[in-house]
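Q: Contents of entry.txt (compact mmCIF, C-alpha atoms) are given next:
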```txt
# COMPACT_ATOMS: atom_id res chain seq x y z
CA MET A 253 -26.11 10.86 -5.33
CA LYS A 254 -27.48 7.61 -6.76
CA ASN A 255 -25.89 8.33 -10.13
CA GLN A 256 -22.59 9.18 -8.47
CA ALA A 257 -22.61 5.92 -6.51
CA LYS A 258 -23.42 4.00 -9.68
CA VAL A 259 -20.59 5.62 -11.62
CA ARG A 260 -18.22 4.97 -8.72
CA ARG A 261 -19.08 1.26 -8.76
CA VAL A 262 -19.01 0.75 -12.51
CA ILE A 263 -16.22 2.93 -13.82
CA ALA A 264 -13.21 1.74 -11.84
CA LEU A 265 -12.00 -0.96 -9.51
CA LEU A 266 -8.99 -0.43 -7.29
CA ALA A 267 -6.93 -3.59 -7.06
CA LEU A 268 -5.34 -4.82 -3.90
CA CYS A 269 -1.94 -6.41 -4.49
CA SER A 270 -2.97 -9.73 -2.99
CA LEU A 271 -3.92 -13.01 -4.56
CA LEU A 272 -7.03 -13.99 -2.63
CA ALA A 273 -9.70 -12.86 -4.99
CA VAL A 274 -10.06 -13.38 -8.69
CA THR A 275 -8.87 -10.38 -10.69
CA LEU A 276 -11.87 -8.25 -11.47
CA THR A 277 -12.81 -7.26 -14.97
CA SER A 278 -12.09 -3.88 -16.48
CA ALA A 279 -14.70 -1.18 -16.22
CA ALA A 280 -17.77 -1.17 -18.39
CA PRO A 281 -19.14 2.08 -19.78
CA ALA A 282 -21.45 3.85 -17.38
CA ALA A 283 -25.14 3.65 -18.18
CA SER A 284 -25.58 7.19 -16.88
CA SER A 285 -25.33 10.21 -19.20
CA SER A 286 -22.67 11.60 -16.86
CA VAL A 287 -19.17 10.27 -16.27
CA ARG A 288 -16.67 10.79 -13.47
CA VAL A 289 -13.42 12.44 -14.52
CA ILE A 290 -10.25 13.88 -13.05
CA VAL A 291 -9.57 17.31 -14.53
CA GLN A 292 -6.05 18.72 -14.21
CA GLY A 293 -5.75 22.43 -14.81
CA THR A 294 -3.26 25.27 -14.74
CA SER A 295 -4.76 25.75 -11.27
CA VAL A 296 -7.52 24.15 -9.22
CA GLY A 297 -9.68 27.21 -9.89
CA ASP A 298 -9.19 26.98 -13.65
CA ALA A 299 -10.08 23.29 -13.63
CA ALA A 300 -13.24 23.94 -11.60
CA THR A 301 -14.28 26.83 -13.85
CA ALA A 302 -13.84 24.66 -16.95
CA VAL A 303 -15.97 21.89 -15.44
CA ARG A 304 -18.82 24.26 -14.66
CA ALA A 305 -18.56 25.87 -18.10
CA ASN A 306 -19.17 22.43 -19.62
CA GLY A 307 -22.22 21.58 -17.53
CA GLY A 308 -20.32 19.55 -14.95
CA ARG A 309 -20.25 19.42 -11.17
CA VAL A 310 -17.08 19.44 -9.04
CA THR A 311 -17.19 16.78 -6.30
CA ALA A 312 -13.67 17.17 -4.85
CA GLU A 313 -10.50 19.23 -5.15
CA VAL A 314 -7.03 17.66 -5.37
CA SER A 315 -4.67 20.61 -5.02
CA ILE A 316 -1.49 18.50 -4.95
CA ILE A 317 -1.93 17.95 -8.71
CA ASN A 318 -3.96 21.11 -9.54
CA ALA A 319 -7.01 19.02 -10.26
CA VAL A 320 -10.66 18.48 -9.45
CA VAL A 321 -12.82 15.38 -9.50
CA ALA A 322 -16.04 16.04 -11.36
CA GLU A 323 -19.21 14.59 -12.85
CA VAL A 324 -19.66 15.87 -16.41
CA PRO A 325 -22.08 15.08 -19.23
CA GLN A 326 -20.62 12.28 -21.34
CA GLY A 327 -20.97 14.30 -24.51
CA CYS A 328 -18.97 17.21 -23.07
CA VAL A 329 -15.77 15.36 -22.16
CA ALA A 330 -13.97 16.10 -25.44
CA ARG A 331 -14.95 19.78 -25.30
CA LEU A 332 -13.85 19.99 -21.66
CA ALA A 333 -10.39 18.71 -22.62
CA GLU A 334 -10.06 21.60 -25.09
CA THR A 335 -11.28 24.29 -22.67
CA PRO A 336 -8.67 26.98 -21.79
CA GLY A 337 -7.06 26.31 -18.41
CA VAL A 338 -7.42 22.51 -18.71
CA VAL A 339 -4.20 20.50 -18.91
CA ARG A 340 -5.64 16.98 -19.03
CA VAL A 341 -8.91 15.12 -18.54
CA THR A 342 -8.71 11.52 -17.30
CA LEU A 343 -11.65 9.16 -17.03
CA ASP A 344 -11.76 7.58 -13.58
CA ARG A 345 -9.50 4.61 -14.31
CA PRO A 346 -9.83 0.90 -13.49
CA VAL A 347 -7.45 -0.92 -11.14
CA ARG A 348 -7.94 -4.62 -9.95
CA VAL A 349 -8.51 -6.82 -6.80
CA SER A 350 -6.73 -9.91 -6.22
CA GLY A 351 -4.41 -14.81 -1.21
CA GLY A 352 -3.38 -18.08 1.27
CA ARG A 353 -3.38 -21.40 3.28
CA ARG A 354 -4.09 -22.63 6.77
CA SER A 355 -1.47 -22.97 9.55
CA ARG A 356 -0.77 -22.04 13.14
CA VAL A 357 0.11 -18.42 13.87
CA ASN A 358 3.77 -18.38 12.95
CA VAL A 359 4.93 -15.04 11.62
CA GLU A 360 8.04 -16.05 9.69
CA PHE A 361 8.35 -12.98 7.45
CA THR A 362 10.12 -11.01 10.20
CA LYS A 363 12.89 -13.65 10.26
CA ALA A 364 13.37 -13.45 6.51
CA VAL A 365 14.25 -9.73 6.70
CA GLY A 366 16.34 -9.77 9.92
CA ALA A 367 13.89 -7.64 11.92
CA LYS A 368 14.86 -9.14 15.29
CA GLU A 369 18.38 -7.78 14.99
CA VAL A 370 16.89 -4.27 14.77
CA TRP A 371 14.47 -4.89 17.67
CA ASP A 372 17.36 -6.11 19.83
CA ALA A 373 18.92 -2.66 19.35
CA ASP A 374 15.77 -1.12 20.91
CA ASP A 375 14.29 0.08 17.63
CA LEU A 376 10.61 -0.88 17.31
CA GLY A 377 9.54 1.98 15.04
CA ALA A 378 8.33 4.33 17.80
CA GLY A 379 7.58 7.94 16.87
CA VAL A 380 6.86 7.20 13.20
CA THR A 381 3.38 7.11 11.65
CA VAL A 382 2.52 4.89 8.70
CA ALA A 383 -0.62 5.74 6.69
CA PHE A 384 -2.46 3.03 4.76
CA LEU A 385 -4.38 3.77 1.58
CA ASP A 386 -6.63 0.72 1.69
CA THR A 387 -9.92 -0.74 2.92
CA GLY A 388 -9.61 0.63 6.46
CA ILE A 389 -8.12 -0.67 9.72
CA ASP A 390 -10.13 -2.45 12.42
CA PRO A 391 -9.43 -0.57 15.68
CA THR A 392 -10.87 -3.39 17.81
CA PHE A 393 -7.55 -5.27 17.56
CA VAL A 394 -5.72 -4.48 20.81
CA SER A 395 -2.35 -5.37 19.26
CA LEU A 396 -2.84 -2.61 16.68
CA ARG A 397 -3.93 -0.01 19.21
CA ARG A 398 -1.49 -0.57 22.04
CA PRO A 399 2.29 -0.22 21.93
CA PRO A 400 4.49 -3.13 22.98
CA HIS A 401 4.48 -3.61 26.75
CA GLY A 402 2.52 -0.43 27.36
CA ARG A 403 -0.70 1.55 27.14
CA GLY A 404 -2.00 4.15 24.72
CA ASN A 405 -3.54 4.22 21.25
CA ARG A 406 -1.31 3.90 18.18
CA ILE A 407 -4.18 4.28 15.69
CA LEU A 408 -4.17 8.06 15.51
CA ALA A 409 -6.87 8.66 12.92
CA TYR A 410 -9.23 7.01 10.46
CA TYR A 411 -10.26 9.05 7.41
CA ASP A 412 -13.03 7.57 5.27
CA VAL A 413 -12.80 9.07 1.79
CA LEU A 414 -16.07 7.38 0.79
CA SER A 415 -18.05 9.41 3.34
CA GLY A 416 -15.63 12.29 3.93
CA ARG A 417 -15.64 11.59 7.69
CA LEU A 418 -12.71 11.67 10.09
CA TYR A 419 -12.63 9.48 13.19
CA LYS A 420 -10.18 9.95 16.08
CA SER A 421 -9.66 8.80 19.65
CA ARG A 422 -12.80 7.14 21.08
CA ARG A 423 -14.73 7.77 17.86
CA LEU A 424 -12.53 5.20 16.10
CA LEU A 425 -14.96 2.48 17.12
CA ARG A 426 -17.70 4.32 15.20
CA SER A 427 -15.65 4.22 12.01
CA PRO A 428 -16.47 1.74 9.22
CA ARG A 429 -13.50 -0.29 10.58
CA ASP A 430 -12.48 -2.71 7.83
CA PRO A 431 -15.41 -4.55 6.26
CA ASN A 432 -13.13 -6.09 3.61
CA GLY A 433 -10.18 -7.25 5.79
CA HIS A 434 -7.29 -6.39 3.49
CA GLY A 435 -6.31 -3.10 5.12
CA THR A 436 -6.16 -4.63 8.60
CA HIS A 437 -4.05 -7.53 7.31
CA VAL A 438 -1.58 -5.11 5.74
CA ALA A 439 -1.52 -2.86 8.83
CA GLY A 440 -0.84 -5.92 11.00
CA ILE A 441 2.24 -6.82 8.95
CA VAL A 442 3.61 -3.38 9.79
CA GLY A 443 2.36 -2.72 13.31
CA ASN A 444 1.08 -5.83 15.12
CA SER A 445 2.55 -5.50 18.63
CA ALA A 446 1.66 -9.05 19.75
CA TYR A 447 4.77 -10.76 21.11
CA GLU A 448 5.67 -14.40 20.63
CA ARG A 449 7.56 -15.55 23.73
CA ARG A 450 8.55 -18.82 22.14
CA ASP A 451 11.01 -17.23 19.74
CA GLY A 452 11.18 -13.71 21.19
CA GLU A 453 9.63 -12.06 18.16
CA TYR A 454 6.87 -9.58 17.42
CA ARG A 455 4.23 -10.30 14.81
CA GLY A 456 4.69 -6.98 13.02
CA VAL A 457 7.85 -5.46 11.56
CA ALA A 458 7.52 -2.12 13.40
CA PRO A 459 5.37 -2.96 16.45
CA ALA A 460 5.63 0.50 18.05
CA ALA A 461 4.83 2.52 14.92
CA ASN A 462 1.69 4.66 14.85
CA LEU A 463 -0.98 3.96 12.25
CA VAL A 464 -3.42 6.05 10.22
CA ALA A 465 -6.18 4.49 8.12
CA VAL A 466 -7.27 6.16 4.88
CA ARG A 467 -10.18 4.16 3.51
CA VAL A 468 -10.60 4.44 -0.26
CA LEU A 469 -12.24 1.06 -1.00
CA ASP A 470 -15.62 -0.37 -0.04
CA GLU A 471 -16.51 -3.74 1.51
CA THR A 472 -15.75 -5.71 -1.65
CA GLY A 473 -12.55 -3.81 -2.44
CA VAL A 474 -14.12 -1.51 -5.04
CA GLY A 475 -13.02 2.09 -5.44
CA THR A 476 -11.76 4.55 -8.01
CA TYR A 477 -8.74 6.56 -9.06
CA ALA A 478 -10.49 9.64 -7.76
CA ASP A 479 -10.94 8.11 -4.30
CA ALA A 480 -7.25 7.16 -4.23
CA ILE A 481 -5.95 10.60 -5.11
CA GLU A 482 -8.38 12.24 -2.67
CA GLY A 483 -6.93 9.94 -0.02
CA ILE A 484 -3.38 10.97 -0.89
CA GLN A 485 -4.41 14.63 -0.77
CA TRP A 486 -5.68 14.08 2.81
CA VAL A 487 -2.41 12.36 3.79
CA VAL A 488 -0.33 15.26 2.46
CA ASP A 489 -2.58 17.84 4.14
CA ASN A 490 -2.34 16.04 7.51
CA LYS A 491 1.20 14.69 7.47
CA ASP A 492 2.44 17.16 10.09
CA THR A 493 -0.60 16.70 12.33
CA TYR A 494 0.01 12.97 12.67
CA ASN A 495 3.73 12.85 11.77
CA ILE A 496 2.99 10.68 8.73
CA ARG A 497 6.40 9.64 7.41
CA VAL A 498 5.40 6.55 5.40
CA LEU A 499 2.48 5.93 3.02
CA ASN A 500 1.69 2.28 2.19
CA ILE A 501 -0.15 1.71 -1.11
CA SER A 502 -0.96 -1.99 -1.50
CA MET A 503 -3.07 -1.60 -4.64
CA TYR A 504 -2.35 -1.17 -8.30
CA GLY A 505 -3.83 -0.47 -11.69
CA THR A 506 -3.00 -1.08 -15.32
CA VAL A 507 -0.62 1.43 -16.92
CA PHE A 508 -2.39 3.45 -19.61
CA ALA A 509 -0.04 6.46 -20.04
CA PRO A 510 3.48 7.66 -19.23
CA TYR A 511 3.96 7.96 -15.47
CA TRP A 512 4.09 11.77 -15.66
CA ALA A 513 0.62 11.93 -17.24
CA ASP A 514 -1.20 9.63 -14.82
CA PRO A 515 -3.05 11.47 -12.01
CA PHE A 516 -2.56 8.60 -9.53
CA ASN A 517 1.18 8.72 -10.20
CA LEU A 518 1.24 12.50 -9.97
CA ALA A 519 -0.47 12.43 -6.57
CA THR A 520 1.99 9.78 -5.41
CA MET A 521 4.90 11.95 -6.57
CA ALA A 522 3.43 14.93 -4.70
CA ALA A 523 3.38 12.89 -1.48
CA TRP A 524 7.03 11.91 -2.03
CA GLN A 525 7.97 15.53 -2.70
CA ALA A 526 6.17 16.51 0.52
CA GLY A 527 8.63 14.35 2.47
CA ILE A 528 6.61 11.15 2.79
CA VAL A 529 8.23 7.81 1.98
CA VAL A 530 5.78 6.18 -0.44
CA VAL A 531 5.94 2.39 -0.68
CA ALA A 532 3.83 0.77 -3.41
CA CYS A 533 3.36 -2.76 -4.69
CA ALA A 534 4.72 -3.89 -8.04
CA GLY A 535 1.47 -5.71 -8.71
CA ASN A 536 0.54 -9.35 -9.31
CA ASP A 537 0.55 -9.47 -13.11
CA GLY A 538 3.98 -11.11 -13.49
CA PRO A 539 6.09 -12.70 -14.73
CA ASP A 540 5.94 -10.91 -18.07
CA PRO A 541 8.05 -7.78 -18.68
CA LEU A 542 6.28 -4.40 -18.53
CA SER A 543 3.83 -5.75 -15.93
CA ILE A 544 4.52 -3.19 -13.15
CA GLY A 545 1.28 -1.43 -12.22
CA VAL A 546 0.28 2.11 -11.25
CA PRO A 547 1.53 3.78 -9.05
CA GLY A 548 4.46 1.34 -8.74
CA ASN A 549 5.75 2.57 -12.09
CA THR A 550 6.54 5.96 -10.53
CA PRO A 551 10.36 6.16 -10.63
CA TYR A 552 10.84 8.17 -7.43
CA ILE A 553 8.98 5.97 -4.95
CA ILE A 554 9.88 2.54 -3.51
CA THR A 555 8.26 -0.25 -5.52
CA VAL A 556 8.20 -3.72 -4.01
CA GLY A 557 8.08 -7.15 -5.60
CA ALA A 558 7.64 -10.46 -3.79
CA PHE A 559 9.82 -13.42 -2.91
CA THR A 560 8.95 -16.55 -0.96
CA ASP A 561 11.13 -18.01 1.79
CA ASN A 562 9.89 -21.46 0.70
CA TYR A 563 8.86 -22.14 4.33
CA THR A 564 12.53 -21.96 5.43
CA PRO A 565 12.89 -18.32 6.58
CA GLU A 566 16.46 -18.71 7.83
CA ASP A 567 17.72 -20.53 4.73
CA PHE A 568 18.04 -18.04 1.88
CA GLY A 569 19.38 -20.60 -0.60
CA ASP A 570 15.99 -21.99 -1.56
CA ASP A 571 14.14 -18.68 -1.80
CA TYR A 572 12.64 -17.70 -5.12
CA ILE A 573 10.47 -15.09 -6.80
CA PRO A 574 6.97 -16.46 -7.45
CA PRO A 575 5.62 -15.95 -10.98
CA PHE A 576 2.85 -13.55 -9.93
CA SER A 577 5.33 -10.82 -8.87
CA ALA A 578 5.30 -8.13 -11.57
CA ASN A 579 8.45 -7.37 -13.58
CA GLY A 580 9.99 -4.33 -15.21
CA PRO A 581 11.05 -2.40 -17.06
CA THR A 582 8.26 0.13 -16.79
CA LEU A 583 6.58 1.62 -19.82
CA ASP A 584 9.01 4.55 -19.41
CA ALA A 585 12.02 2.16 -19.23
CA PHE A 586 12.79 2.52 -15.51
CA VAL A 587 14.14 -0.36 -13.43
CA LYS A 588 11.35 -1.73 -11.23
CA PRO A 589 10.76 -3.22 -8.72
CA ASP A 590 13.31 -1.47 -6.48
CA VAL A 591 13.49 -4.31 -3.93
CA ILE A 592 11.75 -7.60 -3.15
CA ALA A 593 10.34 -8.70 0.22
CA PRO A 594 8.46 -11.68 1.68
CA GLY A 595 5.08 -11.97 -0.01
CA ALA A 596 3.94 -15.60 0.25
CA HIS A 597 1.96 -17.39 3.02
CA ILE A 598 1.95 -14.20 5.11
CA VAL A 599 -0.07 -14.51 8.33
CA SER A 600 -1.59 -11.35 9.80
CA LEU A 601 -4.72 -9.99 11.48
CA MET A 602 -8.23 -10.22 10.08
CA ARG A 603 -11.70 -10.54 11.61
CA ARG A 604 -13.95 -13.47 10.66
CA ASN A 605 -16.87 -11.22 9.73
CA THR A 606 -14.99 -9.48 6.91
CA TYR A 607 -15.64 -9.95 3.21
CA LEU A 608 -12.37 -11.76 2.42
CA ASN A 609 -12.56 -13.99 5.47
CA LYS A 610 -16.07 -15.12 4.55
CA GLN A 611 -15.10 -15.68 0.93
CA TYR A 612 -12.00 -17.74 1.79
CA PRO A 613 -12.60 -19.47 5.15
CA GLU A 614 -9.89 -22.05 4.34
CA ASN A 615 -7.29 -19.30 4.92
CA ARG A 616 -8.28 -18.70 8.55
CA VAL A 617 -5.55 -19.21 11.14
CA ASN A 618 -6.46 -19.48 14.82
CA GLY A 619 -9.51 -17.24 14.74
CA ARG A 620 -8.03 -13.75 14.54
CA TYR A 621 -5.41 -14.39 11.86
CA PHE A 622 -5.56 -14.99 8.13
CA ARG A 623 -3.09 -16.08 5.50
CA MET A 624 -2.52 -14.14 2.28
CA THR A 625 -0.09 -13.96 -0.62
CA GLY A 626 0.85 -11.08 -2.92
CA THR A 627 2.92 -7.96 -3.38
CA SER A 628 0.47 -6.22 -1.01
CA MET A 629 2.13 -8.16 1.79
CA SER A 630 5.65 -7.46 0.49
CA THR A 631 4.86 -3.75 0.39
CA ALA A 632 3.78 -3.75 4.04
CA VAL A 633 7.03 -5.47 5.09
CA VAL A 634 9.04 -2.70 3.43
CA SER A 635 6.84 0.02 4.94
CA GLY A 636 7.59 -1.49 8.35
CA ILE A 637 11.32 -1.38 7.66
CA ALA A 638 10.99 2.24 6.54
CA ALA A 639 9.38 3.00 9.92
CA LEU A 640 12.31 1.32 11.72
CA MET A 641 14.75 3.39 9.65
CA LEU A 642 13.00 6.68 10.39
CA SER A 643 12.64 5.88 14.08
CA GLU A 644 16.41 5.40 14.29
CA ASN A 645 17.24 8.26 11.88
CA PRO A 646 14.36 10.80 11.88
CA ASP A 647 16.16 13.23 9.56
CA LEU A 648 16.31 10.85 6.61
CA THR A 649 14.61 12.11 3.44
CA PRO A 650 12.53 9.81 1.22
CA ASP A 651 15.43 9.68 -1.26
CA GLN A 652 17.85 8.66 1.49
CA VAL A 653 15.50 5.96 2.75
CA LYS A 654 15.24 4.52 -0.76
CA TYR A 655 19.00 4.76 -1.30
CA ARG A 656 19.81 2.94 1.95
CA MET A 657 17.26 0.24 1.25
CA THR A 658 18.58 -0.47 -2.22
CA ILE A 659 22.30 -0.18 -1.45
CA THR A 660 21.99 -2.68 1.42
CA ALA A 661 19.63 -5.11 -0.33
CA HIS A 662 20.90 -8.63 -1.06
CA PRO A 663 20.70 -9.73 -4.71
CA GLN A 664 19.51 -13.30 -5.08
CA PHE A 665 22.28 -15.51 -6.47
CA SER A 666 22.09 -19.11 -7.60
CA GLU A 667 23.48 -21.42 -4.92
CA TYR A 668 24.82 -23.62 -7.70
CA SER A 669 26.46 -21.24 -10.18
CA GLY A 670 27.03 -18.17 -8.02
CA GLU A 671 25.52 -16.05 -10.80
CA ALA A 672 22.53 -13.79 -10.44
CA ALA A 673 19.42 -15.91 -10.21
CA TYR A 674 17.20 -13.03 -11.36
CA SER A 675 17.66 -9.92 -13.47
CA ILE A 676 17.26 -6.38 -12.15
CA TRP A 677 13.88 -6.27 -13.89
CA GLU A 678 12.72 -9.09 -11.58
CA GLN A 679 14.45 -8.32 -8.25
CA GLY A 680 15.65 -4.73 -8.54
CA ALA A 681 18.48 -4.28 -6.04
CA GLY A 682 17.53 -7.56 -4.34
CA ARG A 683 15.87 -8.72 -1.14
CA ILE A 684 15.36 -6.11 1.56
CA TRP A 685 17.51 -6.50 4.70
CA ALA A 686 16.37 -4.53 7.75
CA PRO A 687 19.64 -4.43 9.78
CA GLY A 688 21.58 -3.02 6.85
CA ALA A 689 18.94 -0.47 5.89
CA VAL A 690 18.55 0.80 9.47
CA SER A 691 22.21 0.98 10.46
CA ALA A 692 23.81 1.91 7.13
CA ASP A 693 26.36 4.70 7.41
CA ILE A 694 27.09 5.53 3.80
CA GLU A 695 29.59 8.14 2.68
CA GLY A 696 28.37 10.50 0.01
CA GLU A 697 24.80 9.42 0.62
CA ALA A 698 22.36 10.55 -2.05
```
What is this file in structure tokens?

A:
Amino acid sequence: MKNQAKVRRVIALLALCSLLAVTLTSAAPAASSSVRVIVQGTSVGDAATAVRANGGRVTAEVSIINAVVAEVPQGCVARLAETPGVVRVTLDRPVRVSGGRRSRVNVEFTKAVGAKEVWDADDLGAGVTVAFLDTGIDPTFVSLRRPPHGRGNRILAYYDVLSGRLYKSRRLLRSPRDPNGHGTHVAGIVGNSAYERRDGEYRGVAPAANLVAVRVLDETGVGTYADAIEGIQWVVDNKDTYNIRVLNISMYGTVFAPYWADPFNLATMAAWQAGIVVVACAGNDGPDPLSIGVPGNTPYIITVGAFTDNYTPEDFGDDYIPPFSANGPTLDAFVKPDVIAPGAHIVSLMRRNTYLNKQYPENRVNGRYFRMTGTSMSTAVVSGIAALMLSENPDLTPDQVKYRMTITAHPQFSEYSGEAAYSIWEQGAGRIWAPGAVSADIEGEA
């Protein structure tokens, strides 16, 4: 177990799509004689048999991509890849961690996407569950547990991949909560039901949506590819139990292979194929071309870049895409991101005793709130809009959700020339617009 923990820490780092922390370095070789790998086979059984035949130990099964996670002797990796029944062996890959400024609690991102117009039509995202592949969600926040103007518990489950434990109902308070802070911040952007009487707005995009936490990262934001795909496997296995319609992935890694050969991408595609709308960040490695990360480079899912409202949320003319937002095309020449959403100076929930809050106390806002920047935040905004869409139109497929979002997005044009201010590689279809995406009635819809 000690070796496994050591390998888990050293081999790979899962990166949150936020700009609070310094980007972490790539993985160093493990000191142990064993390495952690993801083995894809012609079947799960074949992959497991091949691992054991090469002196390895299976630690988890990921049936959605016919794979197992395993510890194998370092000297046997090449032989394992050539073993009959093995399709591909992938070393547990690195992905990076990467926020904000102080102000009063003023949640402007909902204005920038027109959310209030949807709320005024009595659509708050009720009946839809959003799962978060992240650092956990802190269930002690009342505005995450309770629906708007009512009672009940909207946090339906907390699955901790790191321990393999599931927490529900009253046991939620025994969960690891969110020792890092990132997952709660992201969940608050989607589902914070606190209401601001001053301007008649909620502090989350879909304040009645249900939430499920899938923790794949530790206190400092460290995790692995294997943890991520195990988390996606759990989401797919439990989607009907909790009515999980949206999966938010606010983390990314460096592209090292075509999208169809990457196990993180393959698991993401399996979730999409299972009927779950997957929303992933573009990453924060912009503005260079080919900077979209994994799994945002998956062509089928919704990949989100960032724009800033320039502190004027109701004036679109001065909005711009900050340089950190990753740009396409992807390695496989697909247009990404698909849309852009607010991703700068985003205020959401976070406890003071969390890792990020302690590291960056200057970003605290009124005690329970915290300010962050990055495509993590943009991704959560779009996940919230997806929940609003599915609450209004429960029969929409993931492809239809993506089509409606992109067809109703607003490309950013120069206020001076009237020409496109950004290429499709920078803004995709343009800035997301909630009223259009929710109410679109499109003939010949894909």

Q: Which is closest to Gly569 (chain A) among A:Ala364, A:Ala681, A:Ala373, A:Ala638, if we use all atoms listed in the file?

A: A:Ala364

Q: For region 433-447 of chain A, list every protein, DNA or RNA residue within 8 Å, evaluated using all atoms listed in the file, and leave out those in the same chain fewer than 6 positions away; present the list as an NGL selection string.

A: :A and (268 or 384-390 or 395-396 or 398-400 or 453-463 or 502 or 600-603 or 606-609 or 622 or 628-629 or 632-633 or 635-636)

Q: Please list as a list in words every residue within 8 Å of Ala686 (chain A), counting all atoms listed in the file and excluding residues in the same chain fewer than 6 positions away.

A: Val365, Gly366, Ala367, Val370 and Ile637 of chain A

Q: Report, in Å to a single decimal, how far apart CA of Gln292 (chain A) and CA of Arg340 (chain A) are.

A: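 Pair CA of Arg340 (chain A) / CA of Gln292 (chain A) returns 5.1 Å.
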
Q: Between CA of Pro646 (chain A) and CA of Ala378 (chain A), measure the distance and give it in Å to one decimal.

A: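 Taking CA of Pro646 (chain A) as the start and CA of Ala378 (chain A) as the end point, the length is 10.6 Å.
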
Q: To test the calculation: enclose all listed atoms of region 594-607 of chain A in a box whose edges run along x, y and z, add 5 Å on each side, then state centre and edge lengths in Å to one decimal, as lines of an AutoDock Vina configuration file.

A:
```
center_x = -4.2
center_y = -13.4
center_z = 5.8
size_x = 35.3
size_y = 17.9
size_z = 21.6
```

Q: Enter the distance from CA of Gly538 (chain A) to CA of Val474 (chain A), in Å, rounded to one decimal.

A: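 Going from CA of Gly538 (chain A) over to CA of Val474 (chain A), I get 22.2 Å.
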
Q: For Asp372 (chain A), which residue out of A:Val498, A:Ser415, A:His401, A:Pro687 is the nearest one, using only C-alpha atoms?

A: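 Of the candidates, the smallest distance to Asp372 (chain A) is held by A:Pro687.
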
Q: Compare A:Ser285, A:Thr560, A:Trp685, A:Thr506 by their minimum atom-to-atom distance to Lys368 (chain A), counting all atoms listed in the file, and give me the closest one.

A: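 Closest residue, counting all atoms listed in the file: A:Trp685.
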